[in-house]
>>> print(open('coords.txt').read())   # compact mmCIF, C-alpha atoms
# COMPACT_ATOMS: atom_id res chain seq x y z
CA MET A 1074 0.00 0.00 0.00
CA LYS A 1075 2.94 2.34 0.68
CA ASN A 1076 4.04 1.89 -2.94
CA LEU A 1077 0.53 2.83 -4.08
CA PHE A 1078 0.50 5.96 -1.92
CA ASP A 1079 3.92 7.02 -3.21
CA LYS A 1080 2.76 6.77 -6.81
CA ILE A 1081 -0.44 8.69 -6.06
CA LYS A 1082 1.66 11.44 -4.47
CA ILE A 1083 3.71 11.73 -7.67
CA ILE A 1084 0.56 12.03 -9.82
CA ASP A 1085 -0.96 14.55 -7.41
CA PHE A 1086 2.20 16.69 -7.42
CA LYS A 1087 2.34 16.65 -11.20
CA TYR A 1088 -1.20 17.92 -11.70
CA LYS A 1089 -1.09 20.22 -8.72
CA THR A 1090 1.84 21.99 -10.40
CA LEU A 1091 -0.19 22.31 -13.61
CA ARG A 1092 -3.17 23.75 -11.70
CA GLU A 1093 -0.91 26.31 -10.01
CA LYS A 1094 -0.02 27.68 -13.44
CA GLU A 1095 -3.71 28.27 -14.16
CA LYS A 1096 -4.61 30.12 -10.97
CA PHE A 1097 -5.73 33.36 -12.63
CA ASN A 1098 -9.48 33.78 -12.29
CA LEU A 1099 -11.13 37.14 -12.79
CA PHE A 1100 -14.11 36.26 -10.60
CA LYS A 1101 -11.87 35.48 -7.62
CA ILE A 1102 -9.95 38.70 -8.13
CA LEU A 1103 -12.96 41.00 -8.36
CA ARG A 1104 -15.25 39.27 -5.82
CA LYS A 1105 -15.09 36.89 -2.90
CA TYR A 1106 -15.31 33.51 -4.59
CA ASN A 1107 -18.37 32.41 -2.58
CA ASP A 1108 -20.26 35.72 -2.58
CA GLU A 1109 -23.70 34.34 -3.37
CA VAL A 1110 -25.30 37.76 -3.88
CA ASN A 1111 -22.81 40.03 -5.61
CA LEU A 1112 -21.07 37.35 -7.63
CA HIS A 1113 -23.14 34.21 -8.22
CA SER A 1114 -26.73 35.51 -8.26
CA ARG A 1115 -25.62 38.54 -10.24
CA PHE A 1116 -23.71 36.56 -12.87
CA ILE A 1117 -26.40 33.88 -13.20
CA SER A 1118 -29.13 36.51 -13.60
CA GLU A 1119 -27.15 38.25 -16.34
CA LEU A 1120 -26.83 34.98 -18.26
CA LEU A 1121 -30.53 34.18 -17.82
CA ASN A 1122 -31.66 37.63 -18.92
CA PRO A 1123 -32.74 37.56 -22.62
CA LYS A 1124 -31.78 41.23 -22.73
CA GLY A 1125 -28.38 40.55 -21.12
CA THR A 1126 -25.08 41.88 -22.41
CA HIS A 1127 -24.10 38.38 -23.64
CA GLY A 1128 -26.11 39.18 -26.79
CA LEU A 1129 -27.49 35.64 -27.23
CA GLU A 1130 -31.05 36.64 -26.28
CA ASP A 1131 -32.95 33.73 -24.67
CA THR A 1132 -30.41 30.99 -25.52
CA PHE A 1133 -29.05 30.57 -21.99
CA LEU A 1134 -32.49 30.90 -20.40
CA LYS A 1135 -33.90 28.07 -22.55
CA LEU A 1136 -30.98 25.83 -21.62
CA PHE A 1137 -31.52 26.60 -17.94
CA LEU A 1138 -35.25 25.82 -18.02
CA LYS A 1139 -34.48 22.43 -19.57
CA ILE A 1140 -31.74 21.66 -17.05
CA ILE A 1141 -34.01 22.34 -14.04
CA ASN A 1142 -36.90 20.35 -15.58
CA TYR A 1143 -39.23 23.34 -15.50
CA GLY A 1144 -41.68 21.75 -17.94
CA GLU A 1145 -43.37 23.44 -20.87
CA PHE A 1146 -42.27 27.01 -21.50
CA SER A 1147 -42.65 29.74 -24.08
CA ILE A 1148 -40.37 32.75 -23.86
CA SER A 1149 -41.79 36.02 -25.15
CA LYS A 1150 -40.60 39.61 -25.06
CA LYS A 1151 -42.37 39.90 -21.70
CA ALA A 1152 -39.92 37.47 -20.05
CA ASN A 1153 -38.15 39.15 -17.13
CA VAL A 1154 -35.27 38.12 -14.88
CA PHE A 1155 -34.88 40.00 -11.59
CA TYR A 1156 -31.86 39.92 -9.29
CA GLU A 1157 -32.25 40.75 -5.58
CA LYS A 1158 -35.96 41.50 -6.00
CA HIS A 1159 -37.40 43.34 -2.97
CA ILE A 1160 -40.88 42.03 -2.07
CA GLY A 1161 -41.66 44.25 0.90
CA GLU A 1162 -40.66 44.61 4.52
CA ILE A 1163 -40.72 41.43 6.60
CA ASN A 1164 -43.77 41.50 8.86
CA ALA A 1165 -43.88 40.65 12.57
CA LEU A 1166 -44.97 37.04 11.92
CA LYS A 1167 -42.30 36.65 9.23
CA THR A 1168 -44.84 35.36 6.73
CA GLN A 1169 -44.52 38.22 4.23
CA GLY A 1170 -41.70 40.25 2.70
CA GLY A 1171 -38.00 39.82 2.11
CA GLN A 1172 -35.77 39.72 -0.93
CA LEU A 1173 -35.67 37.14 -3.73
CA ASP A 1174 -32.23 36.16 -4.99
CA LEU A 1175 -33.61 35.47 -8.47
CA LEU A 1176 -37.08 35.79 -9.98
CA ILE A 1177 -37.97 34.70 -13.53
CA GLU A 1178 -41.38 35.73 -14.91
CA ASN A 1179 -43.38 35.19 -18.09
CA VAL A 1180 -41.73 31.98 -19.31
CA GLY A 1181 -44.64 29.62 -18.62
CA LYS A 1182 -47.49 28.94 -16.20
CA HIS A 1183 -45.36 29.43 -13.09
CA PRO A 1184 -42.98 32.21 -12.06
CA ILE A 1185 -39.61 30.86 -10.91
CA ILE A 1186 -38.12 31.87 -7.57
CA ILE A 1187 -34.54 30.79 -6.85
CA GLU A 1188 -33.09 30.95 -3.34
CA ASN A 1189 -29.30 30.87 -3.69
CA LYS A 1190 -27.46 29.45 -0.66
CA ILE A 1191 -23.69 29.08 -0.47
CA HIS A 1192 -22.66 30.10 3.04
CA ALA A 1193 -25.72 31.89 4.43
CA ARG A 1194 -27.86 29.95 6.90
CA ASP A 1195 -31.61 29.64 6.37
CA GLN A 1196 -33.80 32.49 7.58
CA GLU A 1197 -37.01 32.00 9.53
CA ASN A 1198 -40.00 31.21 7.26
CA GLN A 1199 -37.94 32.35 4.29
CA LEU A 1200 -39.44 29.96 1.74
CA LEU A 1201 -42.93 30.47 3.20
CA ARG A 1202 -42.60 34.21 2.57
CA TYR A 1203 -41.57 33.56 -1.02
CA LYS A 1204 -44.48 31.17 -1.53
CA ASN A 1205 -46.90 33.73 -0.10
CA TYR A 1206 -45.52 36.35 -2.51
CA LYS A 1207 -46.50 34.26 -5.56
CA GLN A 1208 -48.67 31.28 -4.66
CA ASN A 1209 -48.34 29.67 -8.09
CA SER A 1210 -44.55 29.98 -8.24
CA LYS A 1211 -42.04 27.17 -8.60
CA ILE A 1212 -39.41 27.57 -5.90
CA TYR A 1213 -35.89 26.27 -6.46
CA TYR A 1214 -33.47 25.94 -3.54
CA LEU A 1215 -29.94 26.22 -4.92
CA THR A 1216 -26.99 24.99 -2.82
CA LEU A 1217 -23.51 23.65 -3.56
CA GLN A 1218 -24.51 19.99 -3.15
CA GLY A 1219 -28.31 20.07 -3.45
CA VAL A 1220 -29.20 19.77 0.24
CA ASP A 1221 -32.73 20.26 1.57
CA PRO A 1222 -33.87 23.50 3.22
CA THR A 1223 -34.41 23.30 6.97
CA PRO A 1224 -37.88 23.31 8.61
CA TYR A 1225 -36.87 26.71 10.03
CA SER A 1226 -36.85 28.08 6.48
CA LEU A 1227 -39.83 26.09 5.18
CA GLY A 1228 -42.33 27.24 7.80
CA THR A 1229 -45.63 25.63 6.77
CA VAL A 1230 -44.45 24.89 3.21
CA ASN A 1231 -44.16 21.18 2.42
CA LEU A 1232 -40.67 20.06 1.41
CA ASN A 1233 -42.19 18.40 -1.66
CA GLU A 1234 -43.15 21.85 -2.94
CA ILE A 1235 -39.47 22.87 -3.12
CA ASN A 1236 -37.16 21.86 -5.96
CA CYS A 1237 -33.61 21.30 -4.70
CA ILE A 1238 -30.89 21.99 -7.26
CA SER A 1239 -27.13 22.32 -6.95
CA TYR A 1240 -24.04 23.99 -8.31
CA LYS A 1241 -22.51 20.51 -8.50
CA ASP A 1242 -25.11 19.22 -10.99
CA GLU A 1243 -27.62 21.64 -12.53
CA ILE A 1244 -25.56 24.86 -12.56
CA ARG A 1245 -22.36 23.15 -13.64
CA ASN A 1246 -24.09 21.23 -16.43
CA TRP A 1247 -25.88 24.39 -17.54
CA ILE A 1248 -22.64 26.40 -17.71
CA LYS A 1249 -21.05 23.63 -19.80
CA LEU A 1250 -23.90 23.94 -22.31
CA CYS A 1251 -23.56 27.72 -22.26
CA ILE A 1252 -19.86 27.37 -23.12
CA GLU A 1253 -20.78 25.32 -26.20
CA LYS A 1254 -23.27 27.97 -27.34
CA ALA A 1255 -20.69 30.73 -26.79
CA SER A 1256 -18.06 29.05 -28.98
CA GLN A 1257 -18.10 31.90 -31.50
CA ASN A 1258 -17.62 34.57 -28.82
CA PRO A 1259 -14.12 34.20 -27.29
CA GLU A 1260 -14.58 36.77 -24.49
CA LEU A 1261 -17.91 35.32 -23.36
CA ARG A 1262 -16.65 31.75 -23.67
CA GLU A 1263 -13.57 32.50 -21.54
CA SER A 1264 -15.74 34.16 -18.87
CA LEU A 1265 -17.93 31.06 -18.73
CA VAL A 1266 -14.90 28.76 -18.54
CA GLN A 1267 -13.49 30.76 -15.63
CA TYR A 1268 -16.87 30.65 -13.88
CA LEU A 1269 -17.02 26.87 -14.39
CA ASN A 1270 -13.55 26.59 -12.84
CA LEU A 1271 -14.76 28.63 -9.89
CA ILE A 1272 -17.72 26.27 -9.39
CA ASN A 1273 -15.40 23.26 -9.55
CA GLU A 1274 -13.27 24.82 -6.83
CA LEU A 1275 -16.34 25.57 -4.69
CA ILE A 1276 -17.54 21.97 -4.82
CA GLY A 1277 -14.04 20.58 -4.41
CA GLU A 1278 -13.65 18.95 -7.83
CA THR A 1279 -10.51 20.40 -9.37
CA SER A 1280 -8.98 17.27 -10.92
CA ILE A 1281 -8.80 17.13 -14.71
CA MET A 1282 -9.55 14.22 -17.04
CA GLU A 1283 -5.88 13.39 -17.68
CA GLU A 1284 -5.29 13.08 -13.93
CA ARG A 1285 -8.29 10.78 -13.49
CA ILE A 1286 -7.18 8.54 -16.35
CA GLU A 1287 -3.70 8.24 -14.85
CA LEU A 1288 -5.16 7.31 -11.45
CA ILE A 1289 -7.44 4.68 -13.03
CA GLU A 1290 -4.44 3.16 -14.84
CA LEU A 1291 -2.52 3.03 -11.55
CA LEU A 1292 -5.42 1.32 -9.74
CA SER A 1293 -5.79 -1.25 -12.53
CA LYS A 1294 -2.27 -2.58 -11.93
CA ASP A 1295 -1.43 -5.44 -9.57
CA LYS A 1296 -3.97 -5.46 -6.71
CA ASN A 1297 -3.98 -1.71 -6.13
CA ILE A 1298 -7.75 -1.55 -6.52
CA LEU A 1299 -8.22 -3.84 -3.49
CA ALA A 1300 -6.22 -1.52 -1.24
CA ALA A 1301 -8.11 1.49 -2.59
CA SER A 1302 -11.41 -0.28 -1.98
CA LYS A 1303 -10.48 -0.88 1.67
CA ILE A 1304 -9.94 2.86 2.13
CA ALA A 1305 -13.10 3.80 0.22
CA ASN A 1306 -15.26 1.46 2.33
CA ASN A 1307 -14.06 3.13 5.53
CA TRP A 1308 -13.98 6.72 4.30
CA VAL A 1309 -17.28 7.70 5.88
CA HIS A 1310 -16.00 6.47 9.28
CA VAL A 1311 -12.77 8.42 8.88
CA LYS A 1312 -14.84 11.50 8.12
CA TRP A 1313 -17.12 11.05 11.15
CA HIS A 1314 -14.33 10.46 13.68
CA THR A 1315 -12.17 13.27 12.33
CA GLU A 1316 -14.97 15.81 12.65
CA PHE A 1317 -16.05 14.57 16.09
CA ASP A 1318 -12.46 14.71 17.38
CA PHE A 1319 -12.14 18.24 15.98
CA TRP A 1320 -15.21 19.54 17.85
CA ASN A 1321 -14.28 17.74 21.06
CA GLU A 1322 -10.75 19.12 21.09
CA LEU A 1323 -11.93 22.62 20.17
CA GLU A 1324 -14.37 22.54 23.09
CA LEU A 1325 -11.58 21.42 25.42
CA LYS A 1326 -9.41 24.26 24.17
CA ILE A 1327 -12.10 26.86 24.87
CA ASN A 1328 -12.77 25.48 28.34
CA SER A 1329 -9.10 25.30 29.29
CA SER A 1330 -8.19 28.74 27.91
CA SER A 1331 -11.12 30.87 29.01
CA ASP A 1332 -14.11 31.33 31.27
CA TYR A 1333 -16.49 31.68 28.35
CA GLN A 1334 -19.82 29.91 28.76
CA ILE A 1335 -20.45 27.31 26.05
CA THR A 1336 -24.19 26.97 25.48
CA GLU A 1337 -26.34 24.13 24.17
CA ILE A 1338 -27.65 26.35 21.37
CA GLN A 1339 -27.00 24.54 18.05
CA LYS A 1340 -24.22 22.59 19.73
CA TYR A 1341 -22.52 19.74 17.89
CA SER A 1342 -23.31 16.18 18.95
CA SER A 1343 -22.73 12.65 17.71
CA GLU A 1344 -26.35 12.67 16.50
CA ASN A 1345 -25.71 15.85 14.45
CA LEU A 1346 -22.67 14.32 12.83
CA SER A 1347 -24.40 11.04 12.05
CA SER A 1348 -27.27 12.92 10.44
CA VAL A 1349 -25.18 15.05 8.06
CA ILE A 1350 -22.65 12.34 7.23
CA HIS A 1351 -24.92 9.30 6.86
CA ASN A 1352 -28.28 10.74 5.70
CA ARG A 1353 -29.10 11.87 2.19
CA ARG A 1354 -32.08 14.01 3.22
CA ASN A 1355 -33.26 15.97 6.27
CA LYS A 1356 -29.73 17.09 7.07
CA ASN A 1357 -29.08 19.94 9.49
CA PRO A 1358 -25.42 21.01 9.25
CA TRP A 1359 -25.99 24.29 11.14
CA TYR A 1360 -24.24 23.31 14.33
CA GLY A 1361 -20.95 23.93 16.10
CA ILE A 1362 -19.92 25.66 19.32
CA LEU A 1363 -21.57 28.85 20.56
CA PHE A 1364 -20.30 30.64 23.66
CA LYS A 1365 -21.12 33.88 25.46
CA PHE A 1366 -18.34 36.35 26.22
CA TYR A 1367 -20.19 39.53 27.25
CA ASN A 1368 -23.61 40.57 28.56
CA LYS A 1369 -25.15 44.02 28.64
CA GLN A 1370 -28.76 45.09 29.11
CA ASN A 1371 -30.12 41.53 28.68
CA ILE A 1372 -28.17 41.03 25.47
CA ASP A 1373 -25.66 38.18 25.20
CA PHE A 1374 -22.80 38.82 22.81
CA CYS A 1375 -21.64 35.46 21.50
CA ILE A 1376 -19.12 33.82 19.23
CA PHE A 1377 -20.47 30.97 17.14
CA ILE A 1378 -18.09 28.59 15.36
CA GLU A 1379 -20.40 27.01 12.79
CA ARG A 1380 -20.08 24.11 10.39
CA GLY A 1381 -22.74 24.73 7.72
CA THR A 1382 -22.07 23.39 4.21
CA ASP A 1383 -19.30 25.81 3.29
CA ASN A 1384 -15.87 26.47 4.77
CA LEU A 1385 -15.95 26.52 8.58
CA TYR A 1386 -16.41 30.03 10.00
CA PHE A 1387 -16.82 31.93 13.25
CA GLY A 1388 -18.52 35.21 13.98
CA LEU A 1389 -20.35 37.57 16.27
CA LEU A 1390 -24.01 37.10 17.22
CA MET A 1391 -26.36 38.94 19.57
CA LEU A 1392 -28.93 36.90 21.52
CA ASN A 1393 -31.84 38.18 23.61
CA GLU A 1394 -32.80 36.81 27.04
CA ASN A 1395 -34.69 33.94 25.33
CA GLY A 1396 -31.64 32.88 23.35
CA LYS A 1397 -33.08 34.14 20.08
CA ARG A 1398 -30.92 35.98 17.56
CA ILE A 1399 -31.20 39.76 17.45
CA GLU A 1400 -31.14 40.86 13.83
CA SER A 1401 -30.09 43.84 11.73
CA ASN A 1402 -33.17 45.99 12.50
CA ASN A 1403 -31.73 46.53 16.02
CA LEU A 1404 -29.90 49.83 16.59
CA THR A 1405 -27.06 48.28 18.63
CA PHE A 1406 -26.63 45.60 15.95
CA ILE A 1407 -26.36 48.28 13.26
CA LYS A 1408 -23.79 50.33 15.19
CA ILE A 1409 -21.49 47.42 16.09
CA SER A 1410 -21.68 45.71 12.69
CA GLU A 1411 -20.71 49.01 11.07
CA LYS A 1412 -17.74 49.39 13.44
CA ILE A 1413 -16.32 45.91 12.77
CA LYS A 1414 -17.11 45.60 9.05
CA ASN A 1415 -13.49 46.19 7.98
CA ASN A 1416 -12.31 43.33 10.23
CA VAL A 1417 -14.62 40.63 8.83
CA GLU A 1418 -15.20 38.76 5.58
CA TRP A 1419 -18.99 38.95 5.41
CA GLN A 1420 -22.11 40.06 7.28
CA ASN A 1421 -25.83 39.37 6.96
CA ILE A 1422 -29.18 39.80 8.69
CA SER A 1423 -28.16 37.91 11.86
CA TRP A 1424 -24.35 37.89 11.76
CA LEU A 1425 -22.64 41.13 12.78
CA GLY A 1426 -19.42 39.84 11.24
CA VAL A 1427 -17.89 36.56 10.15
CA LEU A 1428 -14.39 35.20 9.47
CA TYR A 1429 -13.28 31.83 8.10
CA LEU A 1430 -10.97 29.50 9.96
CA GLU A 1431 -7.57 29.46 8.27
CA PRO A 1432 -6.49 27.64 6.25
CA LYS A 1433 -10.05 27.05 5.09
CA ILE A 1434 -11.59 23.67 5.89
CA ASN A 1435 -14.85 22.20 4.64
CA LEU A 1436 -16.16 19.31 6.73
CA GLU A 1437 -19.06 18.75 4.32
CA LEU A 1438 -16.90 18.09 1.25
CA PHE A 1439 -13.98 16.66 3.24
CA ASN A 1440 -11.55 16.71 0.32
CA SER A 1441 -9.20 19.70 0.54
CA GLU A 1442 -5.68 19.22 1.88
CA PRO A 1443 -6.19 21.32 5.09
CA THR A 1444 -9.42 19.45 5.84
CA LEU A 1445 -7.94 16.00 5.27
CA MET A 1446 -4.90 16.83 7.39
CA LEU A 1447 -7.22 17.13 10.41
CA VAL A 1448 -7.03 13.34 10.59
CA ASN A 1449 -3.55 13.83 12.04
CA LYS A 1450 -3.82 14.62 15.75
CA LYS A 1451 -0.73 16.86 15.92
CA TYR A 1452 -1.86 18.85 12.90
CA ARG A 1453 -5.38 19.12 14.35
CA GLU A 1454 -4.10 20.40 17.71
CA LYS A 1455 -1.90 22.99 15.99
CA TYR A 1456 -4.80 24.04 13.75
CA ILE A 1457 -7.10 24.53 16.74
CA GLU A 1458 -4.41 26.43 18.65
CA ASP A 1459 -3.72 28.82 15.76
CA ASN A 1460 -7.38 29.53 15.09
CA TRP A 1461 -8.18 29.96 18.77
CA LYS A 1462 -5.67 32.80 18.80
CA ARG A 1463 -7.50 34.37 15.84
CA ILE A 1464 -10.84 33.98 17.63
CA GLU A 1465 -9.46 35.60 20.79
CA SER A 1466 -8.09 38.49 18.72
CA PHE A 1467 -11.51 38.93 17.11
CA ILE A 1468 -13.18 38.91 20.54
CA ARG A 1469 -10.89 41.75 21.66
CA ILE A 1470 -11.89 43.80 18.61
CA CYS A 1471 -15.58 43.11 19.27
CA LEU A 1472 -15.33 43.92 22.98
CA LYS A 1473 -13.71 47.26 22.22
CA GLU A 1474 -16.56 48.27 19.90
CA ILE A 1475 -19.32 46.77 22.10
CA THR A 1476 -18.21 48.63 25.24
CA ALA A 1477 -17.71 51.85 23.28
CA THR A 1478 -21.21 51.55 21.80
CA ASN A 1479 -22.86 50.77 25.14
CA ASN A 1480 -21.07 53.64 26.85
>>> encode(input="coords.txt", output="structure tokens")
Amino acid sequence: MKNLFDKIKIIDFKYKTLREKEKFNLFKILRKYNDEVNLHSRFISELLNPKGTHGLEDTFLKLFLKIINYGEFSISKKANVFYEKHIGEINALKTQGGQLDLLIENVGKHPIIIENKIHARDQENQLLRYKNYKQNSKIYYLTLQGVDPTPYSLGTVNLNEINCISYKDEIRNWIKLCIEKASQNPELRESLVQYLNLINELIGETSIMEERIELIELLSKDKNILAASKIANNWVHVKWHTEFDFWNELELKINSSSDYQITEIQKYSSENLSSVIHNRRNKNPWYGILFKFYNKQNIDFCIFIERGTDNLYFGLLMLNENGKRIESNNLTFIKISEKIKNNVEWQNISWLGVLYLEPKINLELFNSEPTLMLVNKKYREKYIEDNWKRIESFIRICLKEITATNN
């Protein structure tokens, strides 16, 4: 088996060197690579728009409708594609209002609403609000891997009413078809190729055909396939134990290094892990470790280290006395999030500011080098130690702005 591993390392190094030479990607330079609003929804809407600057009228829209199995459609001049469509203020019951990532109208019997999720967690009754906006709409829930929305987002909407699609399958296949149609337009074609490369990186599939063929040839020799099969059959167990050890050791680090109060709110557990790793549906990856570090006027200021489906991240939350998140319509929230915005990577309706653990790890995909290296206990301990220092530094920044705001 050692001989097999050595040969795989040689192949990996060879193609890794080739990939390094092709690192330039305009999307990654101009935007955060996983910015679902300003990059992905915006770019997708431009391609879907028959009046878009691509100049191919409804070509890309027709391809998309076929890919998502929309059904019968007829695209007229009245067809419209909206990006970040405001549908009113969210009411007290959270059954009306919000903002649609993508809305497509006048292509058939049903308007199309697309909720685009890369790193943002589900919002309360989000899909119910969209359904109430247009009762006859078809709602598509777009994620990296095609996971289901949570009950928190569904509200009273039945899961069967939601169409789950993914960047891994539908979007990637659609972009490939778009590249074929753009063959006579070099600038457009290159933009689509770079976007496809970005999607491949997001879903953790960066190997090229030549590399796969070489690996298959290697496995076909001697009894290499039997050794590989042994590893493949136990991969899910490796994944489970690695993640569980990570959370356990991170919790121990927090407890031994601070007096912060770890809560039971969305806390990791063996049941959580088993659900997201072993189940195909009804997954809930929105767990981790949440602890309180400051309290003022019945508001708990907390750090939440959350798993989700993207790279692991940590950030600042505000909870009321009932443990419910205080959101961006709160004056204190607005003031503090504005103060720390230059120290974070992203913010949204319930997160005042968020940073990724470094180097980035994705426990859902479990395929990048930093993520896989967590199997090694010494590496894992060093990783936790380094990121705990970053979390403590972030807490100091937050405390400075929180106390200044309260005073």
>>> atom_distance(input="coords.txt", atom1="atom CA of Thr1229 of chain A", atom2="atom CA of Ile1212 of chain A")
14.2 Å
>>> closest_residue(input="coords.txt", among="A:Lys1211, A:His1113, A:His1314, A:Lys1190", to="Leu1138 of chain A", atoms="only C-alpha atoms")
A:Lys1211
>>> closest_residue(input="coords.txt", among="A:Asn1306, A:Lys1139, A:Gly1426, A:Asp1131", to="Ile1407 of chain A", atoms="all atoms listed in the file")
A:Gly1426
>>> residues_near_point(input="coords.txt", point="(-24.6, 27.7, 18.4)", cutoff="9 Å", atoms="all atoms listed in the file", output="list in words")
Ile1335, Thr1336, Glu1337, Ile1338, Gln1339, Lys1340, Tyr1341, Trp1359, Tyr1360, Gly1361, Ile1362, Leu1363, Phe1364, Cys1375, Ile1376, Phe1377, Ile1378 and Glu1379 of chain A
>>> atom_distance(input="coords.txt", atom1="atom CA of Phe1116 of chain A", atom2="atom CA of Asn1402 of chain A")
28.7 Å
>>> atom_distance(input="coords.txt", atom1="atom CA of Val1154 of chain A", atom2="atom CA of Leu1217 of chain A")
21.8 Å
>>> axis_aligned_box(input="coords.txt", around="segment 1307-1325 of chain A", padding_each_side="5 Å", output="JSON")
{"center_x": -14.0, "center_y": 12.9, "center_z": 14.9, "size_x": 16.5, "size_y": 29.5, "size_z": 31.1}
>>> decode(input="coords.txt", residues="segment 1232-1245 of chain A", atoms="N, CA and C atoms", output="compact mmCIF listing (two decimals), in the first residue's frame")
# COMPACT_ATOMS: atom_id res chain seq x y z
N LEU A 1232 -41.95 20.24 2.10
CA LEU A 1232 -40.67 20.06 1.41
C LEU A 1232 -40.87 19.62 -0.04
N ASN A 1233 -41.93 18.87 -0.30
CA ASN A 1233 -42.19 18.40 -1.66
C ASN A 1233 -42.52 19.53 -2.63
N GLU A 1234 -42.85 20.70 -2.09
CA GLU A 1234 -43.15 21.85 -2.94
C GLU A 1234 -41.88 22.60 -3.38
N ILE A 1235 -40.74 22.20 -2.83
CA ILE A 1235 -39.47 22.87 -3.12
C ILE A 1235 -38.62 21.98 -4.02
N ASN A 1236 -38.05 22.57 -5.05
CA ASN A 1236 -37.16 21.86 -5.96
C ASN A 1236 -35.71 22.14 -5.58
N CYS A 1237 -35.00 21.13 -5.12
CA CYS A 1237 -33.61 21.30 -4.70
C CYS A 1237 -32.68 21.08 -5.89
N ILE A 1238 -31.87 22.08 -6.18
CA ILE A 1238 -30.89 21.99 -7.26
C ILE A 1238 -29.52 22.37 -6.71
N SER A 1239 -28.47 22.11 -7.48
CA SER A 1239 -27.13 22.32 -6.95
C SER A 1239 -26.19 22.93 -7.98
N TYR A 1240 -25.13 23.54 -7.45
CA TYR A 1240 -24.04 23.99 -8.31
C TYR A 1240 -23.32 22.77 -8.88
N LYS A 1241 -23.23 21.71 -8.08
CA LYS A 1241 -22.51 20.51 -8.50
C LYS A 1241 -23.12 19.89 -9.76
N ASP A 1242 -24.44 19.87 -9.85
CA ASP A 1242 -25.11 19.22 -10.99
C ASP A 1242 -25.73 20.23 -11.95
N GLU A 1243 -26.87 20.81 -11.58
CA GLU A 1243 -27.62 21.64 -12.53
C GLU A 1243 -26.83 22.85 -13.03
N ILE A 1244 -26.26 23.64 -12.12
CA ILE A 1244 -25.56 24.86 -12.56
C ILE A 1244 -24.33 24.51 -13.37
N ARG A 1245 -23.57 23.53 -12.92
CA ARG A 1245 -22.36 23.15 -13.64
C ARG A 1245 -22.68 22.61 -15.03
